[in-house]
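Raw work.cif, mmCIF, C-alpha atoms:
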```cif
data_model
#
loop_
_atom_site.label_atom_id
_atom_site.label_comp_id
_atom_site.auth_asym_id
_atom_site.auth_seq_id
_atom_site.Cartn_x
_atom_site.Cartn_y
_atom_site.Cartn_z
CA MET A 1 0.00 0.00 0.00
CA THR A 2 1.36 3.39 -0.85
CA ALA A 3 1.44 6.60 1.07
CA ALA A 4 -1.55 7.91 -0.79
CA ARG A 5 -3.74 5.09 0.30
CA ARG A 6 -2.65 5.63 3.84
CA LEU A 7 -4.08 9.13 3.69
CA ARG A 8 -7.58 7.89 3.17
CA PRO A 9 -9.56 6.83 6.18
CA SER A 10 -11.36 4.01 4.41
CA VAL A 11 -11.66 2.49 1.00
CA GLY A 12 -15.40 2.43 1.45
CA ALA A 13 -15.48 6.18 1.19
CA TRP A 14 -14.21 5.95 -2.37
CA HIS A 15 -17.01 3.62 -3.28
CA ALA A 16 -19.55 6.04 -1.90
CA LEU A 17 -18.20 8.83 -4.06
CA GLY A 18 -18.38 6.80 -7.24
CA ALA A 19 -15.35 8.54 -8.60
CA ALA A 20 -12.23 8.78 -6.59
CA ALA A 21 -10.85 12.11 -5.61
CA LEU A 22 -7.19 12.36 -6.32
CA THR A 23 -4.33 14.72 -6.37
CA VAL A 24 -2.45 15.20 -9.59
CA CYS A 25 1.09 16.34 -9.81
CA LEU A 26 2.07 18.24 -12.90
CA GLY A 27 4.98 17.14 -14.98
CA GLY A 28 6.49 14.75 -12.55
CA ALA A 29 7.88 17.29 -10.15
CA ALA A 30 8.54 16.09 -6.66
CA LEU A 31 5.49 16.16 -4.48
CA ALA A 32 5.31 17.67 -1.10
CA ALA A 33 3.21 15.80 1.36
CA PRO A 34 -0.46 16.27 0.55
CA PRO A 35 -2.74 17.27 3.36
CA ILE A 36 -4.55 14.58 5.25
CA ALA A 37 -8.03 15.08 3.89
CA ASP A 38 -11.28 13.38 4.59
CA ALA A 39 -13.00 11.40 1.89
CA ALA A 40 -15.48 14.12 0.99
CA THR A 41 -12.98 16.62 -0.32
CA ASN A 42 -10.46 16.61 -3.10
CA TRP A 43 -6.84 16.86 -2.27
CA THR A 44 -5.00 20.01 -3.01
CA VAL A 45 -1.79 19.83 -4.93
CA VAL A 46 1.15 21.42 -3.22
CA GLY A 47 3.82 20.26 -5.60
CA GLY A 48 5.38 22.09 -8.54
CA GLY A 49 4.38 21.62 -12.13
CA ALA A 50 5.39 21.68 -15.74
CA GLY A 51 4.65 24.31 -18.32
CA GLY A 52 1.69 26.59 -18.13
CA GLY A 53 0.65 27.57 -21.61
CA THR A 54 1.23 29.87 -24.52
CA GLY A 55 0.14 33.48 -24.72
CA GLN A 56 0.74 36.03 -27.41
CA ALA A 57 1.14 39.79 -27.34
CA GLU A 58 -0.16 42.35 -29.75
CA PRO A 59 2.29 44.26 -31.91
CA LEU A 60 3.18 47.86 -31.15
CA PRO A 61 0.33 50.29 -31.69
CA ALA A 62 -0.12 51.55 -35.20
CA ALA A 63 0.37 55.15 -36.19
CA PRO A 64 -2.84 57.13 -35.71
CA GLY A 65 -4.61 57.40 -39.01
CA SER A 66 -6.12 60.38 -40.83
CA PRO A 67 -4.24 63.11 -38.96
CA ASN A 68 -5.67 66.53 -39.68
CA ALA A 69 -5.30 70.12 -38.51
CA ALA A 70 -8.09 72.63 -38.94
CA CYS A 71 -8.38 76.31 -38.16
CA VAL A 72 -11.23 76.30 -35.69
CA SER A 73 -10.81 79.95 -34.80
CA ILE A 74 -9.66 81.70 -37.87
CA VAL A 75 -8.96 84.83 -35.86
CA GLY A 76 -7.63 83.87 -32.48
CA TRP A 77 -5.14 81.27 -33.57
CA THR A 78 -6.80 78.06 -32.55
CA ILE A 79 -5.93 74.98 -34.54
CA LYS A 80 -7.70 71.73 -33.82
CA VAL A 81 -5.69 68.59 -34.53
CA THR A 82 -7.65 65.36 -34.98
CA TRP A 83 -6.78 61.71 -35.69
CA ASN A 84 -8.31 58.26 -35.69
CA ALA A 85 -8.33 56.23 -32.48
CA VAL A 86 -5.81 53.46 -31.95
CA PRO A 87 -7.02 50.36 -30.04
CA HIS A 88 -5.98 50.21 -26.37
CA ALA A 89 -4.15 53.55 -26.51
CA SER A 90 -3.51 54.94 -23.06
CA THR A 91 -2.00 58.22 -24.28
CA TYR A 92 -1.40 60.14 -27.48
CA THR A 93 1.64 62.33 -27.94
CA ILE A 94 1.40 65.38 -30.22
CA TYR A 95 4.49 66.47 -32.09
CA ARG A 96 4.75 69.91 -33.73
CA SER A 97 7.15 71.38 -36.25
CA THR A 98 7.59 74.67 -38.07
CA SER A 99 8.94 72.87 -41.10
CA SER A 100 7.75 69.97 -43.15
CA SER A 101 11.00 68.12 -42.60
CA SER A 102 10.50 64.91 -40.69
CA SER A 103 13.47 65.76 -38.48
CA GLY A 104 11.90 68.96 -37.26
CA PHE A 105 9.17 67.45 -35.12
CA SER A 106 9.48 67.51 -31.36
CA VAL A 107 7.19 66.48 -28.54
CA TYR A 108 4.65 69.22 -28.00
CA ASP A 109 2.01 67.79 -25.65
CA THR A 110 0.33 64.61 -24.44
CA VAL A 111 -3.36 63.77 -24.08
CA SER A 112 -5.15 60.76 -22.64
CA GLY A 113 -6.10 57.77 -24.74
CA GLY A 114 -9.76 58.60 -24.44
CA THR A 115 -9.54 61.60 -26.75
CA THR A 116 -8.68 61.93 -30.42
CA SER A 117 -8.27 65.67 -30.74
CA TYR A 118 -6.07 68.49 -29.50
CA SER A 119 -6.57 72.26 -29.60
CA ASP A 120 -3.47 74.39 -30.05
CA SER A 121 -3.50 78.13 -29.45
CA ASN A 122 0.16 78.92 -28.95
CA PHE A 123 1.58 80.38 -32.16
CA SER A 124 3.91 82.93 -33.60
CA VAL A 125 2.92 85.33 -36.35
CA LEU A 126 4.13 84.49 -39.83
CA SER A 127 4.82 80.89 -38.85
CA SER A 128 3.60 77.67 -40.33
CA TYR A 129 2.91 74.49 -38.38
CA TRP A 130 2.68 70.75 -39.00
CA TYR A 131 1.61 68.09 -36.51
CA ARG A 132 2.21 64.40 -36.03
CA ILE A 133 0.78 62.02 -33.45
CA THR A 134 1.91 58.79 -31.80
CA ALA A 135 -0.12 56.33 -29.75
CA THR A 136 1.19 54.67 -26.59
CA VAL A 137 -0.27 51.54 -25.04
CA GLY A 138 0.55 51.13 -21.39
CA VAL A 139 3.69 53.01 -20.47
CA ASN A 140 6.34 51.81 -22.90
CA TRP A 141 4.65 50.66 -26.07
CA THR A 142 4.83 53.67 -28.37
CA GLY A 143 4.08 53.26 -32.04
CA PRO A 144 5.42 55.21 -35.00
CA GLN A 145 4.52 58.78 -35.79
CA SER A 146 1.53 59.45 -37.97
CA ALA A 147 1.81 61.22 -41.25
CA SER A 148 2.05 64.99 -41.03
CA THR A 149 -1.07 67.06 -40.93
CA PRO A 150 -1.62 69.69 -43.59
CA LYS A 151 0.24 72.96 -43.03
CA ARG A 152 -1.45 75.69 -41.02
CA SER A 153 -0.09 79.24 -41.02
CA ILE A 154 -0.67 82.40 -39.03
CA SER A 155 -0.57 85.49 -41.26
CA LEU A 156 0.49 89.01 -40.43
CA LEU A 157 -3.21 89.80 -40.13
CA LEU A 158 -3.44 87.18 -37.36
CA VAL A 159 -5.50 84.91 -39.53
CA CYS A 160 -5.11 81.14 -39.50
CA THR A 161 -5.14 79.56 -42.91
CA MET B 162 -11.99 6.45 44.74
CA SER B 163 -12.24 2.68 44.45
CA ASN B 164 -9.37 0.29 43.99
CA THR B 165 -10.63 -0.47 40.52
CA ALA B 166 -10.40 3.17 39.54
CA ARG B 167 -6.88 3.50 40.92
CA HIS B 168 -5.77 0.52 38.92
CA ARG B 169 -7.34 1.72 35.70
CA ALA B 170 -5.85 5.19 35.70
CA PRO B 171 -2.25 4.29 34.77
CA ARG B 172 -3.43 2.05 31.95
CA THR B 173 -5.46 4.89 30.42
CA ARG B 174 -2.48 7.24 30.47
CA TRP B 175 -0.26 4.65 28.84
CA THR B 176 -2.84 4.04 26.14
CA ARG B 177 -3.02 7.73 25.26
CA ARG B 178 0.74 8.00 25.06
CA ALA B 179 0.85 4.96 22.86
CA ARG B 180 -1.80 6.39 20.56
CA LEU B 181 -0.03 9.72 20.31
CA ALA B 182 3.25 8.07 19.52
CA THR B 183 1.69 5.80 16.96
CA GLY B 184 -0.17 8.69 15.33
CA ALA B 185 2.90 10.86 15.13
CA ALA B 186 4.91 8.07 13.61
CA SER B 187 2.20 7.47 11.07
CA VAL B 188 2.12 11.12 10.02
CA VAL B 189 5.88 11.26 9.69
CA LEU B 190 5.95 8.06 7.68
CA THR B 191 3.11 9.20 5.47
CA ALA B 192 4.74 12.53 4.74
CA ALA B 193 8.06 10.92 4.03
CA LEU B 194 6.59 8.41 1.65
CA ALA B 195 4.41 10.94 -0.11
CA ALA B 196 7.33 13.26 -0.68
CA TYR B 197 9.02 10.65 -2.82
CA ALA B 198 5.99 9.19 -4.48
CA THR B 199 5.48 9.75 -8.17
CA ASN B 200 2.36 7.67 -8.51
CA TRP B 201 -0.35 7.34 -5.98
CA ILE B 202 -2.58 4.36 -5.45
CA VAL B 203 -6.20 5.13 -4.80
CA GLY B 204 -9.36 3.13 -4.82
CA LEU B 205 -11.47 3.75 -7.87
CA SER B 206 -14.87 2.88 -9.03
CA ALA B 207 -13.87 3.12 -12.61
CA ASN B 208 -16.52 1.12 -14.38
CA SER B 209 -20.25 0.83 -14.56
CA ASN B 210 -20.70 -2.40 -12.61
CA GLY B 211 -19.91 -0.68 -9.38
CA GLN B 212 -17.01 -2.88 -8.41
CA ALA B 213 -14.13 -1.16 -6.80
CA GLN B 214 -10.81 -1.22 -8.56
CA SER B 215 -7.39 -0.09 -7.66
CA ALA B 216 -5.38 1.93 -10.12
CA THR B 217 -2.13 3.76 -10.23
CA ILE B 218 -2.65 7.48 -10.75
CA SER B 219 -0.01 8.93 -13.02
CA ASN B 220 0.66 12.59 -13.32
CA LEU B 221 -1.07 14.71 -15.89
CA THR B 222 1.18 16.80 -18.08
CA ILE B 223 0.30 20.35 -19.03
CA THR B 224 2.34 21.90 -21.82
CA ALA B 225 2.33 25.03 -23.90
CA THR B 226 1.12 24.71 -27.45
CA ALA B 227 1.23 26.92 -30.51
CA THR B 228 -2.13 25.98 -31.95
CA PRO B 229 -4.75 27.20 -32.01
CA SER B 230 -3.48 30.75 -31.86
CA PRO B 231 -4.90 32.81 -29.02
CA GLY B 232 -7.88 34.79 -30.18
CA ASN B 233 -7.33 37.53 -27.63
CA THR B 234 -3.79 38.85 -27.53
CA LEU B 235 -2.04 40.60 -24.69
CA TYR B 236 -1.22 44.27 -24.42
CA PRO B 237 -0.13 46.47 -21.52
CA GLY B 238 -3.03 46.86 -19.17
CA GLY B 239 -5.06 44.19 -20.94
CA SER B 240 -5.67 40.46 -20.93
CA GLY B 241 -5.32 37.67 -23.44
CA ASP B 242 -5.88 33.97 -24.03
CA VAL B 243 -3.60 31.14 -23.03
CA VAL B 244 -3.53 27.83 -24.88
CA VAL B 245 -2.47 24.61 -23.16
CA THR B 246 -2.37 20.93 -23.94
CA ILE B 247 -3.21 18.48 -21.18
CA SER B 248 -2.18 14.84 -21.43
CA ASN B 249 -3.61 12.09 -19.28
CA PRO B 250 -1.52 8.90 -19.14
CA ASN B 251 -4.07 7.06 -17.01
CA LYS B 252 -6.44 4.34 -18.17
CA PHE B 253 -9.42 6.30 -16.94
CA PRO B 254 -10.65 9.87 -17.51
CA VAL B 255 -9.53 12.58 -15.16
CA THR B 256 -11.74 15.57 -14.43
CA ILE B 257 -9.96 18.81 -13.58
CA THR B 258 -12.07 21.11 -11.45
CA ALA B 259 -9.65 23.82 -10.37
CA VAL B 260 -6.17 25.15 -10.92
CA ASN B 261 -3.66 26.53 -8.47
CA LEU B 262 -1.78 29.57 -9.66
CA PRO B 263 1.70 30.86 -8.91
CA ALA B 264 2.02 34.24 -7.25
CA ASN B 265 1.34 37.39 -9.23
CA THR B 266 5.03 38.21 -9.09
CA THR B 267 5.90 35.14 -11.14
CA TYR B 268 6.09 36.38 -14.71
CA ALA B 269 5.96 34.68 -18.07
CA ALA B 270 9.05 34.59 -20.29
CA GLY B 271 8.93 36.01 -23.78
CA TYR B 272 9.92 34.22 -26.99
CA SER B 273 10.14 35.42 -30.54
CA ASP B 274 8.60 32.25 -31.95
CA SER B 275 5.40 30.37 -31.26
CA GLY B 276 7.40 27.25 -30.49
CA LEU B 277 8.89 29.05 -27.51
CA VAL B 278 12.47 28.32 -28.57
CA THR B 279 14.18 31.69 -28.97
CA ALA B 280 14.04 33.75 -25.81
CA VAL B 281 13.64 37.52 -25.93
CA SER B 282 16.13 38.94 -23.47
CA GLY B 283 14.33 42.25 -23.16
CA CYS B 284 11.13 40.58 -22.02
CA ASN B 285 11.66 37.76 -19.60
CA ALA B 286 10.60 36.48 -16.22
CA THR B 287 13.24 38.24 -14.15
CA THR B 288 15.54 41.11 -15.07
CA ASN B 289 13.36 42.63 -17.78
CA ALA B 290 10.06 41.45 -16.41
CA SER B 291 7.26 40.91 -18.88
CA TYR B 292 4.64 41.61 -16.20
CA VAL B 293 2.58 38.84 -17.77
CA THR B 294 0.82 36.79 -15.10
CA TRP B 295 -2.19 34.56 -14.72
CA THR B 296 -5.48 36.33 -14.21
CA GLY B 297 -6.57 36.02 -10.60
CA ALA B 298 -3.11 35.27 -9.28
CA THR B 299 -2.54 36.73 -5.85
CA GLY B 300 0.46 37.68 -3.80
CA VAL B 301 0.60 34.14 -2.48
CA SER B 302 1.54 31.14 -4.58
CA GLY B 303 -1.02 28.36 -4.79
CA SER B 304 -4.30 30.23 -4.85
CA SER B 305 -7.09 27.95 -6.06
CA HIS B 306 -9.43 28.93 -8.87
CA THR B 307 -12.44 26.86 -9.85
CA LEU B 308 -12.91 26.23 -13.54
CA THR B 309 -16.14 27.51 -15.03
CA THR B 310 -16.55 24.15 -16.74
CA PRO B 311 -14.71 21.09 -15.42
CA LEU B 312 -12.34 19.63 -17.99
CA VAL B 313 -12.50 15.88 -18.52
CA VAL B 314 -9.33 14.54 -20.08
CA ALA B 315 -10.02 11.20 -21.76
CA ALA B 316 -8.19 8.04 -20.82
CA THR B 317 -4.91 7.28 -22.49
CA GLY B 318 -5.24 6.13 -26.07
CA GLN B 319 -8.69 7.65 -26.45
CA SER B 320 -9.68 10.54 -28.66
CA ASN B 321 -9.51 14.02 -27.12
CA ASN B 322 -6.38 13.03 -25.22
CA PRO B 323 -4.34 15.16 -25.22
CA LEU B 324 -6.88 17.87 -24.67
CA THR B 325 -6.17 21.34 -26.01
CA VAL B 326 -7.75 24.11 -24.00
CA THR B 327 -7.86 27.86 -24.50
CA PHE B 328 -8.22 29.70 -21.23
CA THR B 329 -9.99 32.83 -22.40
CA ASN B 330 -8.47 36.08 -21.14
CA GLU B 331 -6.77 34.28 -18.28
CA ALA B 332 -3.44 36.04 -18.74
CA GLY B 333 -2.85 39.69 -18.00
CA MET B 334 -0.05 42.09 -18.89
CA GLY B 335 0.96 44.95 -16.62
CA THR B 336 1.04 48.48 -17.97
CA SER B 337 4.81 48.64 -17.47
CA ALA B 338 5.58 45.80 -19.86
CA PRO B 339 8.77 46.59 -21.79
CA LEU B 340 8.72 47.56 -25.42
CA ALA B 341 10.45 44.27 -26.23
CA CYS B 342 7.32 42.39 -25.19
CA ALA B 343 5.34 43.64 -28.19
CA GLY B 344 4.38 41.07 -30.77
CA ILE B 345 6.01 38.07 -29.12
CA TYR B 346 4.92 34.80 -27.48
CA PHE B 347 4.91 33.88 -23.84
CA SER B 348 5.54 30.75 -21.89
CA MET B 349 3.19 31.13 -18.99
CA PRO B 350 4.45 30.25 -15.52
CA SER B 351 3.58 26.75 -14.39
CA PHE B 352 0.48 26.03 -12.45
CA THR B 353 1.42 25.04 -8.94
CA GLY B 354 -1.21 22.34 -9.01
CA ILE B 355 -4.65 21.26 -10.04
CA ALA B 356 -7.59 19.70 -8.27
CA ALA B 357 -9.05 16.72 -10.04
CA THR B 358 -11.10 13.58 -9.72
CA GLY B 359 -10.62 10.30 -11.52
CA GLY B 360 -13.31 8.01 -12.82
CA ALA B 361 -15.89 7.54 -15.51
CA ALA B 362 -16.91 10.78 -17.20
CA THR B 363 -17.61 12.06 -20.68
CA ALA B 364 -14.46 13.49 -22.15
CA THR B 365 -14.27 17.13 -23.10
CA THR B 366 -14.00 17.62 -26.84
CA SER B 367 -10.71 19.06 -28.02
CA PRO B 368 -10.12 21.92 -28.61
CA ALA B 369 -12.04 23.44 -25.73
CA THR B 370 -12.32 26.81 -24.06
CA ASP B 371 -12.61 27.55 -20.38
CA THR B 372 -12.12 30.18 -17.72
CA TRP B 373 -11.84 30.25 -13.96
CA SER B 374 -13.14 32.32 -11.13
#
```

As structure tokens - that is how I would like this structure written.
Amino acid sequence: MTAARRLRPSVGAWHALGAAALTVCLGGAALAAPPIADAATNWTVVGGGAGGGTGQAEPLPAAPGSPNAACVSIVGWTIKVTWNAVPHASTYTIYRSTSSSSSGFSVYDTVSGGTTSYSDSNFSVLSSYWYRITATVGVNWTGPQSASTPKRSISLLLVCT
Amino acid sequence: MSNTARHRAPRTRWTRRARLATGAASVVLTAALAAYATNWIVGLSANSNGQAQSATISNLTITATATPSPGNTLYPGGSGDVVVTISNPNKFPVTITAVNLPANTTYAAGYSDSGLVTAVSGCNATTNASYVTWTGATGVSGSSHTLTTPLVVAATGQSNNPLTVTFTNEAGMGTSAPLACAGIYFSMPSFTGIAATGGAATATTSPATDTWS
């Protein structure tokens, strides 16, 4: 008779259950001593086990699509930047540049992942502006920059075009 | 007090000591034997005629598998599916009713391939933690979680053994997961145990899906 049988108070209890309760060790790891249980309860495994399973992660977030910049307040210098939502985004980062060169963009502001627009009212006269956006999932998963928005300029007459 | 009572008292004390000693020895022996046991012998009522049988219970094996692909994939702050294959080497079905999870500080290791061969150093279980854990895991290893639907793994040699199971959204990824964890595969940390019963039951059809509470 093995140790396991010794743990059971009576063989008759197994018959009453119809199906024997048992403890299963995973992957052949050494077992610690199972608790001394009565016949009405299953045993709880206290040993180690083999592999768990396979999971898979999503790729980095995509670049926000359809970036746009519109003059909401033609006089008053308010430009509204919009973009398409990215799944699971926790934040969006807005980049701004005064040139169309891709190297000219720098981080301008950050908004929460629940919004897909940004209003900018901080400009210089006779300047032109382009915007790009990135999406971040969690803290570290930041995707590529979006395409540039169309150019918006502030004229000498303080008009946004 | 009568003479009879005086004579009986010492015998009662000796009997208690003897029982205590015998019980302690039994517990020690049981623990020692169980610690080295790989197969346990239990009484089974494994067939329909009601006769009791004895059988050797061999360990189930739970392994990671690449197919089917998880339908829900992980991302920082979100959850995803985990796919496992469970093999039952016994000559009777085994019904799994609950799983025991490692602590929520035990993280999955990342791999660049679905076969879990090439490790991703920037997303592992230790120095560059993936922050991928089992859903419901607590700060203490071994927490028990009852399956929504018990899984019956068929007897050895029968169809549906091994049994492939997708645990839907039972893995979670912390928001601080490193960038290197994007788009890769994970070997989930081992269950610390399962609760199961052996005996006649209708096998679960493979592939199956399940969750736990």

request  = Record the distance separating CA of Gly232 in chain B and CA of Thr54 in chain A, expressed in Å with one decimal.
outcome  =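 These atoms are spaced 11.8 Å apart.
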
Interatomic distance (Å, one decimal) between CA of Gly297 in chain B and CA of Thr234 in chain B =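 Here the two named atoms are 17.4 Å from each other.
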
remark   = With distances taken over all atoms listed in the file, the candidate from B:Met349, B:Ala369, B:Val314, B:Ala361 nearest Leu277 in chain B is B:Met349

ask   = So what do you get for CA of Val260 in chain B versus CA of Trp373 in chain B, distance-wise?
value =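 Interatomic distance here is 8.2 Å.
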
task = Check the smallest atom-to-atom distance from each of A:Pro61, A:Pro150, A:Gly104, A:Gly138 to chain B using only C-alpha atoms, then report the winner.
result =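 Looking at the shortest contact to chain B, the residue is A:Gly138.
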
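The smallest atom-to-atom distance between chain B and any of A:Val139, A:Ile79, A:Ala63, A:Ala85, using only C-alpha atoms, is found for A:Val139.
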
query = Taking only C-alpha atoms into account, which of B:Pro250, B:Gly238, B:Pro229, B:Gly333 comes nearest Val293 in chain B?
reply =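 Nearest candidate to Val293 in chain B out of B:Pro250, B:Gly238, B:Pro229, B:Gly333: B:Gly333.
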
ask   = Given the choices A:Thr134, A:Asn140, A:Ser153, A:Ser119, which gets closest to chain B if the distance is worked out from all atoms listed in the file?
value =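 When distances to chain B are compared using all atoms listed in the file, the smallest one comes from A:Asn140.
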
ask   = Any chance you could work out the residue set of the PyMOL selection byres ((chain B and resi 342) around 9) here, as a count of residues only?
value = 21
